[in-house]
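Colleague: data_1.cif is the file, holding mmCIF, C-alpha atoms:
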data_my_file
loop_
_atom_site.group_PDB
_atom_site.id
_atom_site.type_symbol
_atom_site.label_atom_id
_atom_site.label_comp_id
_atom_site.auth_asym_id
_atom_site.auth_seq_id
_atom_site.Cartn_x
_atom_site.Cartn_y
_atom_site.Cartn_z
ATOM 1 C CA MET I 1 17.201 55.345 97.232
ATOM 2 C CA ASP I 2 20.511 56.832 98.261
ATOM 3 C CA ASN I 3 23.071 55.522 95.845
ATOM 4 C CA LYS I 4 26.755 54.996 96.504
ATOM 5 C CA ILE I 5 27.615 55.832 92.911
ATOM 6 C CA ARG I 6 28.736 59.434 92.646
ATOM 7 C CA LEU I 7 29.918 59.998 89.121
ATOM 8 C CA PRO I 8 31.875 63.215 88.566
ATOM 9 C CA GLU I 9 29.772 66.110 87.307
ATOM 10 C CA LYS I 10 31.588 66.221 83.982
ATOM 11 C CA VAL I 11 30.841 62.536 83.479
ATOM 12 C CA MET I 12 27.168 63.026 84.256
ATOM 13 C CA ALA I 13 27.013 66.058 81.987
ATOM 14 C CA PHE I 14 28.643 64.101 79.174
ATOM 15 C CA ALA I 15 26.283 61.178 79.736
ATOM 16 C CA HIS I 16 23.144 63.314 79.611
ATOM 17 C CA LEU I 17 24.325 65.154 76.508
ATOM 18 C CA GLU I 18 25.490 62.058 74.667
ATOM 19 C CA LEU I 19 22.392 60.004 75.478
ATOM 20 C CA GLN I 20 20.263 62.810 74.100
ATOM 21 C CA LYS I 21 22.394 62.912 70.945
ATOM 22 C CA ILE I 22 22.137 59.158 70.454
ATOM 23 C CA SER I 23 18.394 59.366 70.881
ATOM 24 C CA ASP I 24 18.088 62.295 68.448
ATOM 25 C CA GLU I 25 20.549 61.148 65.822
ATOM 26 C CA VAL I 26 20.057 57.388 65.572
ATOM 27 C CA GLU I 27 16.857 56.473 63.828
ATOM 28 C CA GLY I 28 14.689 53.967 65.647
ATOM 29 C CA ILE I 29 16.027 54.521 69.144
ATOM 30 C CA LYS I 30 13.232 54.133 71.689
ATOM 31 C CA ALA I 31 15.227 54.454 74.885
ATOM 32 C CA VAL I 32 18.782 54.817 76.098
ATOM 33 C CA VAL I 33 19.425 54.209 79.772
ATOM 34 C CA LEU I 34 22.705 54.382 81.653
ATOM 35 C CA ALA I 35 22.540 52.203 84.759
ATOM 36 C CA THR I 36 24.710 50.931 87.566
ATOM 37 C CA GLU I 37 25.617 47.255 87.372
ATOM 38 C CA ASP I 38 23.247 46.555 90.262
ATOM 39 C CA GLY I 39 20.331 47.970 88.341
ATOM 40 C CA PHE I 40 19.773 51.644 89.121
ATOM 41 C CA ASP I 41 19.321 54.140 86.299
ATOM 42 C CA VAL I 42 21.609 57.170 86.523
ATOM 43 C CA ALA I 43 20.755 58.902 83.237
ATOM 44 C CA SER I 44 18.223 58.204 80.523
ATOM 45 C CA VAL I 45 16.352 59.451 77.483
ATOM 46 C CA VAL I 46 13.110 57.611 76.831
ATOM 47 C CA ARG I 47 10.854 58.199 73.837
ATOM 48 C CA ASP I 48 8.305 55.440 74.179
ATOM 49 C CA GLY I 49 7.142 55.727 77.776
ATOM 50 C CA SER I 50 9.320 52.875 79.007
ATOM 51 C CA ASP I 51 10.286 52.913 82.670
ATOM 52 C CA PRO I 52 14.057 53.559 82.897
ATOM 53 C CA SER I 53 14.262 51.915 86.315
ATOM 54 C CA ARG I 54 12.784 48.729 84.922
ATOM 55 C CA ILE I 55 15.129 48.747 81.930
ATOM 56 C CA ALA I 56 18.045 49.313 84.314
ATOM 57 C CA ALA I 57 17.089 46.360 86.512
ATOM 58 C CA MET I 58 16.603 44.013 83.567
ATOM 59 C CA ALA I 59 19.889 45.063 81.973
ATOM 60 C CA SER I 60 21.639 44.442 85.266
ATOM 61 C CA SER I 61 20.317 40.885 85.443
ATOM 62 C CA ILE I 62 21.073 40.102 81.821
ATOM 63 C CA SER I 63 24.587 41.536 82.098
ATOM 64 C CA ALA I 64 25.309 39.533 85.231
ATOM 65 C CA ILE I 65 24.055 36.314 83.681
ATOM 66 C CA SER I 66 26.020 36.941 80.483
ATOM 67 C CA THR I 67 29.135 37.535 82.566
ATOM 68 C CA VAL I 68 28.726 34.113 84.159
ATOM 69 C CA VAL I 69 28.189 32.529 80.744
ATOM 70 C CA SER I 70 31.299 34.157 79.294
ATOM 71 C CA GLU I 71 33.351 33.140 82.335
ATOM 72 C CA GLU I 72 32.118 29.544 82.188
ATOM 73 C CA ALA I 73 33.028 29.427 78.507
ATOM 74 C CA ASN I 74 36.408 31.076 79.085
ATOM 75 C CA LEU I 75 35.481 33.888 76.755
ATOM 76 C CA GLY I 76 36.802 36.655 78.937
ATOM 77 C CA GLN I 77 34.965 39.741 80.082
ATOM 78 C CA SER I 78 31.607 40.368 78.466
ATOM 79 C CA LYS I 79 31.584 43.564 76.366
ATOM 80 C CA ASN I 80 28.032 43.748 75.166
ATOM 81 C CA ILE I 81 24.840 41.751 74.806
ATOM 82 C CA ILE I 82 22.427 41.975 71.897
ATOM 83 C CA ILE I 83 18.839 40.795 72.002
ATOM 84 C CA ASN I 84 17.669 40.730 68.401
ATOM 85 C CA THR I 85 13.927 40.478 67.880
ATOM 86 C CA VAL I 86 11.432 40.582 65.026
ATOM 87 C CA SER I 87 10.601 44.210 65.740
ATOM 88 C CA GLY I 88 13.877 45.644 66.936
ATOM 89 C CA PHE I 89 16.705 44.951 69.313
ATOM 90 C CA ALA I 90 18.229 45.785 72.657
ATOM 91 C CA VAL I 91 21.925 46.415 73.190
ATOM 92 C CA MET I 92 23.531 46.291 76.625
ATOM 93 C CA GLN I 93 27.036 47.721 76.618
ATOM 94 C CA SER I 94 29.305 47.188 79.640
ATOM 95 C CA ILE I 95 31.241 50.205 80.889
ATOM 96 C CA VAL I 96 34.032 49.742 83.405
ATOM 97 C CA ARG I 97 35.335 52.897 85.040
ATOM 98 C CA ASP I 98 37.710 53.068 87.988
ATOM 99 C CA ASP I 99 34.920 54.488 90.150
ATOM 100 C CA ALA I 100 31.935 52.569 88.794
ATOM 101 C CA ARG I 101 30.782 49.667 86.677
ATOM 102 C CA LEU I 102 27.878 50.661 84.471
ATOM 103 C CA VAL I 103 25.644 49.312 81.719
ATOM 104 C CA LEU I 104 24.377 51.355 78.792
ATOM 105 C CA ASN I 105 21.097 50.096 77.398
ATOM 106 C CA ALA I 106 19.811 51.023 73.982
ATOM 107 C CA ILE I 107 16.354 49.866 72.930
ATOM 108 C CA ALA I 108 15.553 50.290 69.240
ATOM 109 C CA ASN I 109 12.779 49.421 66.819
ATOM 110 C CA GLU I 110 13.108 47.801 63.398
ATOM 111 C CA LYS I 111 14.068 51.096 61.746
ATOM 112 C CA ALA I 112 17.384 51.165 63.558
ATOM 113 C CA VAL I 113 20.540 49.668 62.098
ATOM 114 C CA LEU I 114 22.263 47.380 64.579
ATOM 115 C CA ALA I 115 25.785 48.285 63.478
ATOM 116 C CA HIS I 116 24.999 51.957 63.847
ATOM 117 C CA VAL I 117 23.680 51.505 67.366
ATOM 118 C CA LEU I 118 26.634 49.291 68.305
ATOM 119 C CA TYR I 119 29.042 51.930 67.027
ATOM 120 C CA ARG I 120 27.407 54.666 69.071
ATOM 121 C CA THR I 121 27.064 52.628 72.258
ATOM 122 C CA SER I 122 30.654 51.365 72.143
ATOM 123 C CA HIS I 123 31.890 54.880 71.382
ATOM 124 C CA PHE I 124 29.893 56.156 74.359
ATOM 125 C CA ALA I 125 31.406 53.425 76.551
ATOM 126 C CA ASN I 126 34.946 54.228 75.473
ATOM 127 C CA SER I 127 34.430 57.930 76.070
ATOM 128 C CA LEU I 128 32.876 57.385 79.492
ATOM 129 C CA THR I 129 35.678 55.035 80.504
ATOM 130 C CA THR I 130 38.395 57.560 79.784
ATOM 131 C CA LEU I 131 36.585 60.700 80.929
ATOM 132 C CA MET S 1 15.701 9.061 90.962
ATOM 133 C CA ASN S 2 13.674 12.256 91.123
ATOM 134 C CA GLU S 3 14.761 15.705 90.001
ATOM 135 C CA TYR S 4 13.468 18.717 91.852
ATOM 136 C CA LYS S 5 13.783 22.411 91.196
ATOM 137 C CA ILE S 6 13.542 24.520 94.319
ATOM 138 C CA LEU S 7 13.551 28.288 94.389
ATOM 139 C CA PHE S 8 15.073 30.365 97.183
ATOM 140 C CA THR S 9 13.751 33.860 97.567
ATOM 141 C CA GLY S 10 13.519 36.473 100.298
ATOM 142 C CA THR S 11 14.986 39.741 101.395
ATOM 143 C CA MET S 12 18.346 41.043 100.288
ATOM 144 C CA GLY S 13 20.886 39.958 102.888
ATOM 145 C CA ALA S 14 18.775 37.074 104.190
ATOM 146 C CA GLY S 15 21.334 34.616 102.850
ATOM 147 C CA LYS S 16 19.930 33.093 99.679
ATOM 148 C CA THR S 17 23.324 32.946 97.975
ATOM 149 C CA THR S 18 24.931 31.667 101.179
ATOM 150 C CA ALA S 19 22.246 29.006 101.635
ATOM 151 C CA ILE S 20 22.699 27.640 98.133
ATOM 152 C CA GLY S 21 26.472 27.796 98.465
ATOM 153 C CA SER S 22 26.407 25.943 101.777
ATOM 154 C CA VAL S 23 24.667 22.873 100.340
ATOM 155 C CA SER S 24 25.634 22.849 96.676
ATOM 156 C CA GLU S 25 27.976 20.003 95.775
ATOM 157 C CA ALA S 26 29.261 21.876 92.746
ATOM 158 C CA ALA S 27 30.627 25.390 92.744
ATOM 159 C CA PRO S 28 27.465 27.501 92.728
ATOM 160 C CA ILE S 29 26.734 29.887 89.904
ATOM 161 C CA VAL S 30 26.595 33.346 91.406
ATOM 162 C CA THR S 31 25.644 36.590 89.672
ATOM 163 C CA ASP S 32 26.439 39.110 92.353
ATOM 164 C CA VAL S 33 27.753 42.610 91.721
ATOM 165 C CA ALA S 34 28.823 45.538 93.865
ATOM 166 C CA ASN S 35 25.859 46.921 95.787
ATOM 167 C CA THR S 36 25.419 50.679 95.407
ATOM 168 C CA ASP S 37 22.287 51.024 97.536
ATOM 169 C CA LEU S 38 23.364 52.844 100.694
ATOM 170 C CA SER S 39 20.139 51.920 102.471
ATOM 171 C CA LEU S 40 21.334 48.327 102.533
ATOM 172 C CA GLY S 41 24.613 47.646 104.301
ATOM 173 C CA LYS S 42 25.928 44.983 101.996
ATOM 174 C CA GLU S 43 28.974 44.873 99.752
ATOM 175 C CA ARG S 44 27.559 42.700 96.997
ATOM 176 C CA THR S 45 24.119 41.706 95.822
ATOM 177 C CA THR S 46 22.633 39.130 93.470
ATOM 178 C CA VAL S 47 21.112 40.716 90.374
ATOM 179 C CA GLY S 48 20.602 37.633 88.198
ATOM 180 C CA LEU S 49 20.284 34.235 89.763
ATOM 181 C CA ASP S 50 22.055 31.762 91.986
ATOM 182 C CA TYR S 51 22.291 28.111 91.080
ATOM 183 C CA GLY S 52 23.489 25.055 92.915
ATOM 184 C CA LEU S 53 22.972 21.319 92.883
ATOM 185 C CA LEU S 54 22.365 18.934 95.762
ATOM 186 C CA THR S 55 22.083 15.145 95.633
ATOM 187 C CA LEU S 56 20.041 13.735 98.491
ATOM 188 C CA ALA S 57 20.860 10.508 100.358
ATOM 189 C CA ASN S 58 18.236 8.618 98.324
ATOM 190 C CA GLY S 59 19.804 9.733 95.052
ATOM 191 C CA ASP S 60 17.235 12.407 94.269
ATOM 192 C CA ARG S 61 18.785 15.538 92.802
ATOM 193 C CA VAL S 62 17.704 19.007 93.818
ATOM 194 C CA ARG S 63 18.461 21.949 91.571
ATOM 195 C CA LEU S 64 18.572 25.058 93.710
ATOM 196 C CA PHE S 65 17.821 28.448 92.188
ATOM 197 C CA GLY S 66 17.984 31.761 94.012
ATOM 198 C CA THR S 67 16.327 35.035 93.076
ATOM 199 C CA PRO S 68 17.507 38.580 93.668
ATOM 200 C CA GLY S 69 15.779 39.928 96.766
ATOM 201 C CA GLN S 70 14.912 43.430 95.643
ATOM 202 C CA GLN S 71 11.476 44.045 94.193
ATOM 203 C CA ARG S 72 12.921 45.851 91.192
ATOM 204 C CA PHE S 73 14.011 42.417 90.014
ATOM 205 C CA ASN S 74 10.551 40.878 90.371
ATOM 206 C CA PHE S 75 10.436 40.156 86.637
ATOM 207 C CA LEU S 76 13.012 37.463 87.429
ATOM 208 C CA TRP S 77 10.849 36.049 90.201
ATOM 209 C CA LYS S 78 8.303 34.975 87.603
ATOM 210 C CA ILE S 79 10.950 33.564 85.269
ATOM 211 C CA LEU S 80 12.769 31.616 87.951
ATOM 212 C CA SER S 81 9.637 30.199 89.562
ATOM 213 C CA LYS S 82 8.611 28.466 86.336
ATOM 214 C CA SER S 83 8.647 24.693 86.827
ATOM 215 C CA ALA S 84 9.777 25.027 90.444
ATOM 216 C CA LEU S 85 8.372 22.344 92.691
ATOM 217 C CA GLY S 86 8.677 24.386 95.834
ATOM 218 C CA LEU S 87 9.645 27.697 97.325
ATOM 219 C CA ILE S 88 11.868 28.591 100.262
ATOM 220 C CA ILE S 89 11.458 32.116 101.594
ATOM 221 C CA LEU S 90 14.312 33.498 103.709
ATOM 222 C CA ILE S 91 13.679 36.464 105.971
ATOM 223 C CA ASP S 92 16.263 38.511 107.858
ATOM 224 C CA ASN S 93 14.870 39.239 111.323
ATOM 225 C CA SER S 94 17.349 42.086 111.834
ATOM 226 C CA ARG S 95 15.705 44.207 109.161
ATOM 227 C CA PRO S 96 13.399 47.066 110.192
ATOM 228 C CA ASP S 97 10.100 45.338 109.369
ATOM 229 C CA PRO S 98 10.617 41.651 108.644
ATOM 230 C CA LEU S 99 6.915 40.803 108.916
ATOM 231 C CA THR S 100 6.177 43.169 106.052
ATOM 232 C CA ASP S 101 9.123 41.657 104.210
ATOM 233 C CA LEU S 102 7.443 38.265 104.412
ATOM 234 C CA VAL S 103 4.221 39.702 103.013
ATOM 235 C CA VAL S 104 6.150 41.105 100.030
ATOM 236 C CA TYR S 105 7.214 37.597 99.023
ATOM 237 C CA LEU S 106 3.893 35.958 99.893
ATOM 238 C CA ASP S 107 2.258 38.505 97.577
ATOM 239 C CA GLY S 108 5.008 38.386 94.959
ATOM 240 C CA PHE S 109 4.709 34.615 94.652
ATOM 241 C CA ALA S 110 0.985 34.390 95.445
ATOM 242 C CA GLU S 111 0.159 32.534 92.252
ATOM 243 C CA ASP S 112 2.914 29.982 92.813
ATOM 244 C CA LEU S 113 2.044 29.580 96.468
ATOM 245 C CA SER S 114 -1.507 28.589 95.596
ATOM 246 C CA THR S 115 -0.151 25.357 94.141
ATOM 247 C CA LEU S 116 3.382 24.869 95.493
ATOM 248 C CA PRO S 117 4.743 23.889 98.885
ATOM 249 C CA CYS S 118 6.756 26.463 100.766
ATOM 250 C CA ALA S 119 9.084 26.583 103.750
ATOM 251 C CA ILE S 120 10.035 29.807 105.489
ATOM 252 C CA GLY S 121 13.388 30.329 107.171
ATOM 253 C CA ILE S 122 13.892 33.181 109.615
ATOM 254 C CA GLY S 123 17.482 34.248 110.126
ATOM 255 C CA ARG S 124 19.225 36.168 112.929
ATOM 256 C CA LEU S 125 16.548 35.314 115.498
ATOM 257 C CA ASP S 126 19.333 34.746 118.021
ATOM 258 C CA THR S 127 20.431 38.382 117.896
ATOM 259 C CA HIS S 128 17.028 39.850 116.963
ATOM 260 C CA PRO S 129 14.365 37.822 118.826
ATOM 261 C CA MET S 130 11.489 40.107 117.779
ATOM 262 C CA PRO S 131 9.285 39.449 115.930
ATOM 263 C CA THR S 132 8.909 35.867 117.055
ATOM 264 C CA LEU S 133 8.074 32.802 115.003
ATOM 265 C CA GLU S 134 4.545 33.075 116.400
ATOM 266 C CA ASP S 135 4.245 36.564 114.887
ATOM 267 C CA TYR S 136 5.111 35.093 111.492
ATOM 268 C CA MET S 137 2.596 32.307 112.004
ATOM 269 C CA ASP S 138 -0.071 34.918 112.729
ATOM 270 C CA ILE S 139 0.690 36.595 109.407
ATOM 271 C CA LEU S 140 0.187 33.291 107.612
ATOM 272 C CA ALA S 141 -2.924 32.439 109.594
ATOM 273 C CA ASN S 142 -4.489 35.770 108.704
ATOM 274 C CA ARG S 143 -3.927 34.930 105.057
ATOM 275 C CA ASN S 144 -5.238 31.386 105.437
ATOM 276 C CA GLN S 145 -1.834 30.031 104.525
ATOM 277 C CA LEU S 146 -0.085 27.236 106.324
ATOM 278 C CA PHE S 147 3.655 26.844 105.759
ATOM 279 C CA PRO S 148 6.332 25.608 108.138
ATOM 280 C CA ILE S 149 8.480 28.369 109.641
ATOM 281 C CA LEU S 150 11.936 27.577 110.988
ATOM 282 C CA SER S 151 14.661 29.548 112.698
ATOM 283 C CA VAL S 152 17.737 29.079 110.535
ATOM 284 C CA ASP S 153 21.353 30.014 110.187
ATOM 285 C CA VAL S 154 21.930 29.534 106.468
ATOM 286 C CA ARG S 155 25.672 29.328 107.002
ATOM 287 C CA ARG S 156 24.987 25.946 108.603
ATOM 288 C CA ARG S 157 24.533 23.244 106.005
ATOM 289 C CA GLU S 158 22.236 21.219 108.248
ATOM 290 C CA ASP S 159 19.845 24.157 108.628
ATOM 291 C CA VAL S 160 19.531 24.557 104.869
ATOM 292 C CA VAL S 161 19.108 20.810 104.358
ATOM 293 C CA LEU S 162 16.376 20.859 107.001
ATOM 294 C CA LEU S 163 14.561 23.600 105.087
ATOM 295 C CA ILE S 164 14.806 21.574 101.881
ATOM 296 C CA ASP S 165 13.680 18.377 103.637
ATOM 297 C CA THR S 166 10.729 20.262 105.118
ATOM 298 C CA LEU S 167 9.758 21.367 101.646
ATOM 299 C CA LEU S 168 10.160 17.946 100.079
ATOM 300 C CA ALA S 169 8.193 16.331 102.910
ATOM 301 C CA GLN S 170 5.231 18.500 101.942
ATOM 302 C CA LEU S 171 5.627 17.406 98.337
ATOM 303 C CA GLU S 172 5.633 13.752 99.295
ATOM 304 C CA ALA S 173 2.732 14.129 101.703
ATOM 305 C CA ASN S 174 0.873 16.384 99.279
ATOM 306 C CA THR S 175 -0.018 18.704 102.146
ATOM 307 C CA PHE S 176 0.191 22.044 100.473
ATOM 308 C CA GLY S 177 -1.780 24.476 98.414
ATOM 309 C CA ALA S 178 -4.432 26.956 99.368
#
How does the structure come out when it is put into structure tokens?
Modeller:
Amino acid sequence: MDNKIRLPEKVMAFAHLELQKISDEVEGIKAVVLATEDGFDVASVVRDGSDPSRIAAMASSISAISTVVSEEANLGQSKNIIINTVSGFAVMQSIVRDDARLVLNAIANEKAVLAHVLYRTSHFANSLTTL
Amino acid sequence: MNEYKILFTGTMGAGKTTAIGSVSEAAPIVTDVANTDLSLGKERTTVGLDYGLLTLANGDRVRLFGTPGQQRFNFLWKILSKSALGLIILIDNSRPDPLTDLVVYLDGFAEDLSTLPCAIGIGRLDTHPMPTLEDYMDILANRNQLFPILSVDVRRREDVVLLIDTLLAQLEANTFGA
């Protein structure tokens, strides 16, 4: 697939480095995947054998549906989505750059602390937005 | 009054969002985003679902759902087909291999199509006359499947209503299923 998204090299380098750090430093992280809003993975670190392309596609759908929900409810632009389960959680963090709209996905098991993951994913989003 | 749920699926660019929008009496719910796939010449693409509502002349209400076309979203195909009473497959005849496109959706919804009625709409036949409707019928015949195939322009409300009527007629006549 030839993708229209061409993120600057420094952005890609930051993304690869930071995803690796999130994966290494946050206990319980199973996968972190940076994806385009139409569901293509552009950078990822996966520990559990998950398919990044599949995570990217699912995150794209969930983000789009959550955007419609937030618009219908007049809640403004969706910032993130959390799927909290009995054995972990998934966080989908929206990232809006001038040149691309992206979604960062973090999949974590029950050992992870939600607030910790939210802090890291939102910090990643802020950094990537301004880079 | 009956309530129906109908699912639109088919290739990206075949007009699923347009079809639902052209017949929905309420503003359709659309989950399209900027398309970044250069192999597909399209500005925006559905990545979640489309939704619209149509009330028929007899008072029956049809809830119209649309799937994303790309196979990477096939997890949604299964979710959206739950409790659907029929399937409409839209194919874009201007694509490189539309016959294979049809097979993708016949396979992707094989379980549903063993019990549900289906209508197939072929778009852009006026500008891309090959393959013909007969070629599509041959594909179905080789699979022992029998579904109506229509040439459609989904921008035209009457074409979309005809597809829906064709589907509902099968439901009423109980003339579907493998």
Colleague: Find the distance between CA of Leu168 (chain S) and CA of Tyr4 (chain S) and write it in Å to one decimal.
Modeller: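 The value is 8.9 Å.
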Colleague: Show which residues sit within 12 Å of Thr121 (chain I), as a PDB file with C-alpha atoms, in the frame of the given file. Count only C-alpha atoms, and ignore same-chain residues fewer than 2 positions away.
Modeller:
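As a result, result27.pdb now contains:
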ATOM      1  CA  ALA I  15      26.283  61.178  79.736  1.00  0.00           C
ATOM      2  CA  GLU I  18      25.490  62.058  74.667  1.00  0.00           C
ATOM      3  CA  LEU I  19      22.392  60.004  75.478  1.00  0.00           C
ATOM      4  CA  LYS I  21      22.394  62.912  70.945  1.00  0.00           C
ATOM      5  CA  ILE I  22      22.137  59.158  70.454  1.00  0.00           C
ATOM      6  CA  SER I  23      18.394  59.366  70.881  1.00  0.00           C
ATOM      7  CA  VAL I  26      20.057  57.388  65.572  1.00  0.00           C
ATOM      8  CA  ILE I  29      16.027  54.521  69.144  1.00  0.00           C
ATOM      9  CA  VAL I  32      18.782  54.817  76.098  1.00  0.00           C
ATOM     10  CA  VAL I  33      19.425  54.209  79.772  1.00  0.00           C
ATOM     11  CA  LEU I  34      22.705  54.382  81.653  1.00  0.00           C
ATOM     12  CA  LYS I  79      31.584  43.564  76.366  1.00  0.00           C
ATOM     13  CA  ASN I  80      28.032  43.748  75.166  1.00  0.00           C
ATOM     14  CA  ILE I  81      24.840  41.751  74.806  1.00  0.00           C
ATOM     15  CA  ILE I  82      22.427  41.975  71.897  1.00  0.00           C
ATOM     16  CA  ALA I  90      18.229  45.785  72.657  1.00  0.00           C
ATOM     17  CA  VAL I  91      21.925  46.415  73.190  1.00  0.00           C
ATOM     18  CA  MET I  92      23.531  46.291  76.625  1.00  0.00           C
ATOM     19  CA  GLN I  93      27.036  47.721  76.618  1.00  0.00           C
ATOM     20  CA  SER I  94      29.305  47.188  79.640  1.00  0.00           C
ATOM     21  CA  ILE I  95      31.241  50.205  80.889  1.00  0.00           C
ATOM     22  CA  VAL I 103      25.644  49.312  81.719  1.00  0.00           C
ATOM     23  CA  LEU I 104      24.377  51.355  78.792  1.00  0.00           C
ATOM     24  CA  ASN I 105      21.097  50.096  77.398  1.00  0.00           C
ATOM     25  CA  ALA I 106      19.811  51.023  73.982  1.00  0.00           C
ATOM     26  CA  ILE I 107      16.354  49.866  72.930  1.00  0.00           C
ATOM     27  CA  LEU I 114      22.263  47.380  64.579  1.00  0.00           C
ATOM     28  CA  ALA I 115      25.785  48.285  63.478  1.00  0.00           C
ATOM     29  CA  HIS I 116      24.999  51.957  63.847  1.00  0.00           C
ATOM     30  CA  VAL I 117      23.680  51.505  67.366  1.00  0.00           C
ATOM     31  CA  LEU I 118      26.634  49.291  68.305  1.00  0.00           C
ATOM     32  CA  TYR I 119      29.042  51.930  67.027  1.00  0.00           C
ATOM     33  CA  HIS I 123      31.890  54.880  71.382  1.00  0.00           C
ATOM     34  CA  PHE I 124      29.893  56.156  74.359  1.00  0.00           C
ATOM     35  CA  ALA I 125      31.406  53.425  76.551  1.00  0.00           C
ATOM     36  CA  ASN I 126      34.946  54.228  75.473  1.00  0.00           C
ATOM     37  CA  SER I 127      34.430  57.930  76.070  1.00  0.00           C
ATOM     38  CA  LEU I 128      32.876  57.385  79.492  1.00  0.00           C
TER      39      LEU I 128
END
Colleague: Considering all atoms listed in the file, tabulate each residue of chain S that lies at most 8 Å from chain I along with its nearest interatomic pair and the corresponding distance in Å to one decimal; arrange the rows by chain and ascending residue number and present them as JSON lines.
Modeller:
{"residue": "S:Ile29", "atom": "CA", "partner": "I:Val68", "partner_atom": "CA", "distance": 7.4}
{"residue": "S:Val30", "atom": "CA", "partner": "I:Val68", "partner_atom": "CA", "distance": 7.6}
{"residue": "S:Thr31", "atom": "CA", "partner": "I:Ala64", "partner_atom": "CA", "distance": 5.3}
{"residue": "S:Asp32", "atom": "CA", "partner": "I:Ala64", "partner_atom": "CA", "distance": 7.2}
{"residue": "S:Val33", "atom": "CA", "partner": "I:Asp38", "partner_atom": "CA", "distance": 6.2}
{"residue": "S:Ala34", "atom": "CA", "partner": "I:Asp38", "partner_atom": "CA", "distance": 6.7}
{"residue": "S:Asn35", "atom": "CA", "partner": "I:Asp38", "partner_atom": "CA", "distance": 6.1}
{"residue": "S:Thr36", "atom": "CA", "partner": "I:Lys4", "partner_atom": "CA", "distance": 4.7}
{"residue": "S:Asp37", "atom": "CA", "partner": "I:Asn3", "partner_atom": "CA", "distance": 4.9}
{"residue": "S:Leu38", "atom": "CA", "partner": "I:Asp2", "partner_atom": "CA", "distance": 5.5}
{"residue": "S:Ser39", "atom": "CA", "partner": "I:Asp2", "partner_atom": "CA", "distance": 6.5}
{"residue": "S:Thr45", "atom": "CA", "partner": "I:Asp38", "partner_atom": "CA", "distance": 7.4}
{"residue": "S:Val47", "atom": "CA", "partner": "I:Ser61", "partner_atom": "CA", "distance": 5.0}
{"residue": "S:Gly48", "atom": "CA", "partner": "I:Ser61", "partner_atom": "CA", "distance": 4.3}
{"residue": "S:Leu49", "atom": "CA", "partner": "I:Ile65", "partner_atom": "CA", "distance": 7.5}
{"residue": "S:Arg72", "atom": "CA", "partner": "I:Ala57", "partner_atom": "CA", "distance": 6.3}
{"residue": "S:Phe73", "atom": "CA", "partner": "I:Ala57", "partner_atom": "CA", "distance": 6.1}
{"residue": "S:Phe75", "atom": "CA", "partner": "I:Met58", "partner_atom": "CA", "distance": 7.9}
Colleague: Give me, as a list of chain:residue names, all polymer residues having an atom no more than 8 Å from Arg157 (chain S), counting all atoms listed in the file and skipping those fewer than 2 positions away in the same chain.
Modeller: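 Selected residues are S:Ala19, S:Ser22, S:Val23, S:Val154, S:Arg155, S:Asp159, S:Val160, S:Val161.
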Colleague: Which one is closest to Leu102 (chain I): I:His16, I:Leu75, I:Leu7, I:Pro52? Count all atoms listed in the file.
Modeller: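 Of I:His16, I:Leu75, I:Leu7, I:Pro52, the one nearest Leu102 (chain I), counting all atoms listed in the file, is I:Leu7.
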Colleague: Under the rule that all atoms listed in the file are counted, which of S:Ala141, S:Thr9, S:Asp60, S:Gln71 is the nearest residue to Ile89 (chain S)?
Modeller: S:Thr9
Colleague: Using the chain letters and residue numbers of this document, give as a VMD selection string the residues selected by the PyMOL selection byres ((chain S and resi 27) around 12).
Modeller: (chain I and resid 72) or (chain S and resid 17 to 18 20 to 26 28 to 30 50 to 54)
Colleague: Between CA of Asp101 (chain S) and CA of Gly10 (chain S), what is the distance in Å, rounded to a tenth?
Modeller: 7.8 Å
Colleague: Please list as a PDB file with C-alpha atoms, in the coordinates of the input every residue within 6 Å of Ala14 (chain S), counting all atoms listed in the file and excluding residues in the same chain fewer than 2 positions away.
Modeller:
ATOM      1  CA  THR S  11      14.986  39.741 101.395  1.00  0.00           C
ATOM      2  CA  MET S  12      18.346  41.043 100.288  1.00  0.00           C
ATOM      3  CA  LEU S  90      14.312  33.498 103.709  1.00  0.00           C
ATOM      4  CA  ILE S  91      13.679  36.464 105.971  1.00  0.00           C
ATOM      5  CA  ASP S  92      16.263  38.511 107.858  1.00  0.00           C
TER       6      ASP S  92
END
Colleague: Apply the PyMOL selection byres ((chain S and resi 146) around 12) to the structure shown and report the selected residues as a short mmCIF file (atom, residue, chain, number, x, y, z; two decimals) with C-alpha atoms, in the coordinates of the input.
Modeller:
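Result file follows (part38.cif):
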data_model
loop_
_atom_site.label_atom_id
_atom_site.label_comp_id
_atom_site.auth_asym_id
_atom_site.auth_seq_id
_atom_site.Cartn_x
_atom_site.Cartn_y
_atom_site.Cartn_z
CA LEU S 106 3.89 35.96 99.89
CA LEU S 113 2.04 29.58 96.47
CA SER S 114 -1.51 28.59 95.60
CA LEU S 116 3.38 24.87 95.49
CA PRO S 117 4.74 23.89 98.88
CA CYS S 118 6.76 26.46 100.77
CA ALA S 119 9.08 26.58 103.75
CA ILE S 120 10.04 29.81 105.49
CA TYR S 136 5.11 35.09 111.49
CA MET S 137 2.60 32.31 112.00
CA ASP S 138 -0.07 34.92 112.73
CA ILE S 139 0.69 36.60 109.41
CA LEU S 140 0.19 33.29 107.61
CA ALA S 141 -2.92 32.44 109.59
CA ASN S 142 -4.49 35.77 108.70
CA ARG S 143 -3.93 34.93 105.06
CA ASN S 144 -5.24 31.39 105.44
CA GLN S 145 -1.83 30.03 104.52
CA PHE S 147 3.66 26.84 105.76
CA PRO S 148 6.33 25.61 108.14
CA ILE S 149 8.48 28.37 109.64
CA GLN S 170 5.23 18.50 101.94
CA THR S 175 -0.02 18.70 102.15
CA PHE S 176 0.19 22.04 100.47
CA GLY S 177 -1.78 24.48 98.41
CA ALA S 178 -4.43 26.96 99.37
#
